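Visitor: First the structure, then my questions, so here it is.
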Amino acid sequence: MKKLALVSLFFNYPDDRYPLIYENSLKYFDKEDVYVARFGGLPEDSSYYEKLYRYKLFYLLPYIKEHILNKYEYMLFVDATDTNFYKDPSDIIDTFKSFNKSIIFCGEKELWPHTQYTNMYDNKERLGPFKFLNSGGYIGYTEKIVSHLENIVNKDYEGRVEDQSTWTIEYLLHNDIDIDSEGKIFFSTHLNKEYVIIDDNGKINLNNLNPYIIHDNGPYGDNTYKFAHLI
């Protein structure tokens, strides 16, 4: 069995379009270990959030079962249009295993969206400033990712139809999922401009952080500097 698969997905994009991370991924992964799922078929009038919900959960599950499960011990998922590698991920599995959890999600400063389970965040230990789950990046044991996706699909949690809220509920209800609150694996740029340093040569560095993956989530604003497309 192989170690790690990198997985991303597009919906309603042409076949000649590749994720932002794709070019850099080929520096570190064999091409055959980089998977770009391409989905379509939902009604055109479906909301953007409904598409995220259906494609990133209900459509992604059978794709993982077909292409990743029983072939790779670990799986790294990233959103297609706003993530990139910040550094060589050759030891990313060791860092993941140091959490002693089944799945680790990207963390962010801002809670979005609220759910009926939001108060349960108070029961979770969060060591760093990136306290809230962001579903644009996660890494975990493939079997455990499949198990949790099956649980999500079978329960079809009530509430806001959005993949981030659904994964948040799954995290709050289970102890084997954790958030990368210290930015060891993922760095969310939303509201985190204070960490970004640009030297005299225009090179971008992060202050006291050295993640593997940058995720430019959320809207633009005075406190956000997006740079995944620059690395």
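Residue numbering restarts at 1 in every chain; chains get A, B, ... in the order shown in the structure tokens, and ligands count up from 1 in that same order.
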With only C-alpha atoms as the counted atoms, please give the residues lying no more than 12 Å from A:Tyr13, apart from itself and same-chain residues fewer than 4 positions off, as a list of chain:residue names.

Guide: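 Selected residues are A:Leu9, A:Arg17, A:Tyr18, A:Pro19, A:Val36, A:Ala37, A:Arg38, A:Phe39, A:Gly40, A:Gly41, A:Ala80, A:Thr81.
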
Visitor: Please identify which residues in stretch 24-181 of chain A DSSP calls alpha helix (DSSP H) from the backbone, and express them as a PyMOL selection string.

Guide: chain A and resi 24-28+48-53+60-67+92-97+142-155+163-173

Visitor: As an exercise, work out the distance from atom CA of A:Pro113 to atom CA of A:Phe58 in Å and give it to one decimal place.

Guide: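 The value is 19.7 Å.
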
Visitor: Between A:Ser102, A:Thr142, A:Thr83, A:Asn12, which one has atoms that come closest to A:Lys71, using only C-alpha atoms?

Guide: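 Residue with the minimum atom-to-atom distance to A:Lys71: A:Thr142.
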
Visitor: Applying 12 Å and only C-alpha atoms, which residues near A:Asn151 remain after dropping the ones on its own chain fewer than 3 positions away? List them as JSON, numbers by chain.

Guide: {"A": [57, 58, 61, 144, 145, 146, 147, 148, 154, 155, 156, 157, 166, 167, 169, 170, 171, 173, 174]}

Visitor: Write the selection just made, keeping N, CA and C atoms, as a PDB file, in the first residue's frame?

Guide:
ATOM      1  N   LEU A  57     -18.699  16.223  -0.175  1.00  0.00           N
ATOM      2  CA  LEU A  57     -19.063  15.177   0.779  1.00  0.00           C
ATOM      3  C   LEU A  57     -19.660  13.972   0.053  1.00  0.00           C
ATOM      4  N   PHE A  58     -20.820  14.133  -0.537  1.00  0.00           N
ATOM      5  CA  PHE A  58     -21.580  13.019  -1.100  1.00  0.00           C
ATOM      6  C   PHE A  58     -20.956  12.471  -2.392  1.00  0.00           C
ATOM      7  N   LEU A  61     -17.056  10.970  -1.500  1.00  0.00           N
ATOM      8  CA  LEU A  61     -16.970   9.673  -0.818  1.00  0.00           C
ATOM      9  C   LEU A  61     -16.789   8.504  -1.791  1.00  0.00           C
ATOM     10  N   LYS A 144     -10.215   6.210   7.934  1.00  0.00           N
ATOM     11  CA  LYS A 144     -10.956   7.048   8.882  1.00  0.00           C
ATOM     12  C   LYS A 144     -11.706   8.158   8.165  1.00  0.00           C
ATOM     13  N   ILE A 145     -11.099   8.723   7.121  1.00  0.00           N
ATOM     14  CA  ILE A 145     -11.794   9.740   6.329  1.00  0.00           C
ATOM     15  C   ILE A 145     -13.050   9.138   5.703  1.00  0.00           C
ATOM     16  N   VAL A 146     -12.919   7.948   5.141  1.00  0.00           N
ATOM     17  CA  VAL A 146     -14.073   7.265   4.554  1.00  0.00           C
ATOM     18  C   VAL A 146     -15.135   7.002   5.621  1.00  0.00           C
ATOM     19  N   SER A 147     -14.718   6.533   6.779  1.00  0.00           N
ATOM     20  CA  SER A 147     -15.664   6.233   7.854  1.00  0.00           C
ATOM     21  C   SER A 147     -16.450   7.472   8.268  1.00  0.00           C
ATOM     22  N   HIS A 148     -15.761   8.590   8.415  1.00  0.00           N
ATOM     23  CA  HIS A 148     -16.461   9.812   8.814  1.00  0.00           C
ATOM     24  C   HIS A 148     -17.340  10.351   7.690  1.00  0.00           C
ATOM     25  N   ASN A 154     -24.745   9.277   5.810  1.00  0.00           N
ATOM     26  CA  ASN A 154     -25.850   8.505   6.363  1.00  0.00           C
ATOM     27  C   ASN A 154     -26.737   9.347   7.279  1.00  0.00           C
ATOM     28  N   LYS A 155     -26.120  10.254   8.026  1.00  0.00           N
ATOM     29  CA  LYS A 155     -26.898  11.084   8.956  1.00  0.00           C
ATOM     30  C   LYS A 155     -27.491  12.301   8.270  1.00  0.00           C
ATOM     31  N   ASP A 156     -26.782  12.837   7.262  1.00  0.00           N
ATOM     32  CA  ASP A 156     -27.246  14.023   6.549  1.00  0.00           C
ATOM     33  C   ASP A 156     -27.704  15.073   7.565  1.00  0.00           C
ATOM     34  N   TYR A 157     -26.756  15.555   8.372  1.00  0.00           N
ATOM     35  CA  TYR A 157     -27.060  16.448   9.483  1.00  0.00           C
ATOM     36  C   TYR A 157     -27.981  17.593   9.083  1.00  0.00           C
ATOM     37  N   THR A 166     -20.878  21.048   8.141  1.00  0.00           N
ATOM     38  CA  THR A 166     -21.089  19.620   8.351  1.00  0.00           C
ATOM     39  C   THR A 166     -19.849  18.959   8.941  1.00  0.00           C
ATOM     40  N   TRP A 167     -18.672  19.274   8.394  1.00  0.00           N
ATOM     41  CA  TRP A 167     -17.441  18.729   8.973  1.00  0.00           C
ATOM     42  C   TRP A 167     -17.225  19.256  10.398  1.00  0.00           C
ATOM     43  N   ILE A 169     -19.561  19.908  12.611  1.00  0.00           N
ATOM     44  CA  ILE A 169     -20.411  19.098  13.485  1.00  0.00           C
ATOM     45  C   ILE A 169     -19.767  17.738  13.728  1.00  0.00           C
ATOM     46  N   GLU A 170     -19.242  17.137  12.668  1.00  0.00           N
ATOM     47  CA  GLU A 170     -18.593  15.831  12.807  1.00  0.00           C
ATOM     48  C   GLU A 170     -17.409  15.935  13.772  1.00  0.00           C
ATOM     49  N   TYR A 171     -16.640  17.003  13.664  1.00  0.00           N
ATOM     50  CA  TYR A 171     -15.509  17.226  14.576  1.00  0.00           C
ATOM     51  C   TYR A 171     -15.980  17.399  16.016  1.00  0.00           C
ATOM     52  N   LEU A 173     -18.542  16.305  17.458  1.00  0.00           N
ATOM     53  CA  LEU A 173     -19.178  15.111  18.021  1.00  0.00           C
ATOM     54  C   LEU A 173     -18.228  13.925  18.147  1.00  0.00           C
ATOM     55  N   HIS A 174     -16.988  14.090  17.680  1.00  0.00           N
ATOM     56  CA  HIS A 174     -16.051  12.961  17.707  1.00  0.00           C
ATOM     57  C   HIS A 174     -14.691  13.424  18.211  1.00  0.00           C
TER      58      HIS A 174
END

Visitor: Pick from A:Leu149, A:Ile21, A:Leu6, A:Val34: nearest to A:Phe85, with only C-alpha atoms counted?

Guide: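 Of A:Leu149, A:Ile21, A:Leu6, A:Val34, the one nearest A:Phe85 is A:Ile21, counting only C-alpha atoms.
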
Visitor: In stretch 1-217 of chain A, what's strand (DSSP E or B) per DSSP? Answer as a PyMOL selection string?

Guide: chain A and resi 2-11+34-39+72-78+83-85+103-108+132-141+177-180+186-188+196-198+204-206+213-215

Visitor: Considering only C-alpha atoms, state which residue in the set A:Glu108, A:Asp88, A:Asp163, A:Glu194 is at the smallest distance from A:Pro211.

Guide: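 That would be A:Asp88, the residue with the smallest distance to A:Pro211.
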
Visitor: Between A:Ser181, A:Ser98, A:Asn210, A:Asn192, which residue has the minimum interatomic distance to A:Phe130, considering only C-alpha atoms?

Guide: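 Checking each of A:Ser181, A:Ser98, A:Asn210, A:Asn192 against A:Phe130, counting only C-alpha atoms, the winner is A:Ser181.
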
Visitor: Taking 5 positions as the minimum chain separation for residues in the same chain, which residues sit within 9 Å of stretch 124-128 of chain A when counting only C-alpha atoms? Answer as an MDAnalysis selection string.

Guide: chainID A and resid 172 175 178:183

Visitor: May I ask which of the residues A:Phe11, A:Tyr225, A:Tyr28, A:Tyr48 is the closest one to A:Ser90, counting only C-alpha atoms?

Guide: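 Comparing A:Phe11, A:Tyr225, A:Tyr28, A:Tyr48 against A:Ser90, the winner is A:Tyr28.
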
Visitor: Point out the residue among A:Ile152, A:Lys193, A:Tyr63, A:Tyr86 with the least atom-to-atom distance to A:Asp222, counting only C-alpha atoms.

Guide: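 With only C-alpha atoms as the atom set, the closest residue is A:Lys193.
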
Visitor: Report the distance between atom CA of A:Met1 and atom CA of A:Val153 in Å, rounded to one decimal place.

Guide: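 Atom-to-atom, atom CA of A:Met1 and atom CA of A:Val153 are spaced 26.5 Å apart.
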
Visitor: List the neighbours of A:Pro219 out to 12 Å using only C-alpha atoms; skip same-chain residues closer than 6 positions along the sequence, and give me the result as a PyMOL selection string.

Guide: chain A and resi 82+110+188-191+225-226

Visitor: Using only C-alpha atoms, which protein or nucleic acid residues come within 7 Å of A:Asn205? Drop anything in the same chain fewer than 3 positions from it, and give the result as an NGL selection string.

Guide: :A and (196-198)

Visitor: Based on the selection just made, write N, CA and C atoms of those residues as a JSON list (two decimals), in the first residue's frame.

Guide:
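Below is the file selection.json, written as the result:
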[["chain", "number", "residue", "atom", "x", "y", "z"],
["A", 196, "VAL", "N", 2.30, 37.56, 8.15],
["A", 196, "VAL", "CA", 2.94, 37.60, 6.83],
["A", 196, "VAL", "C", 4.03, 38.66, 6.80],
["A", 197, "ILE", "N", 5.23, 38.24, 6.40],
["A", 197, "ILE", "CA", 6.37, 39.14, 6.29],
["A", 197, "ILE", "C", 6.86, 39.12, 4.84],
["A", 198, "ILE", "N", 7.01, 40.29, 4.25],
["A", 198, "ILE", "CA", 7.52, 40.40, 2.87],
["A", 198, "ILE", "C", 8.86, 41.13, 2.94]]

Visitor: Near A:Glu50, within 9 Å and counting only C-alpha atoms, which residues show up once chain neighbours fewer than 5 positions away are dropped, as a list in words?

Guide: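 In the requested form, the answer reads Tyr55, Val161, Glu162 and Asp163 of chain A.
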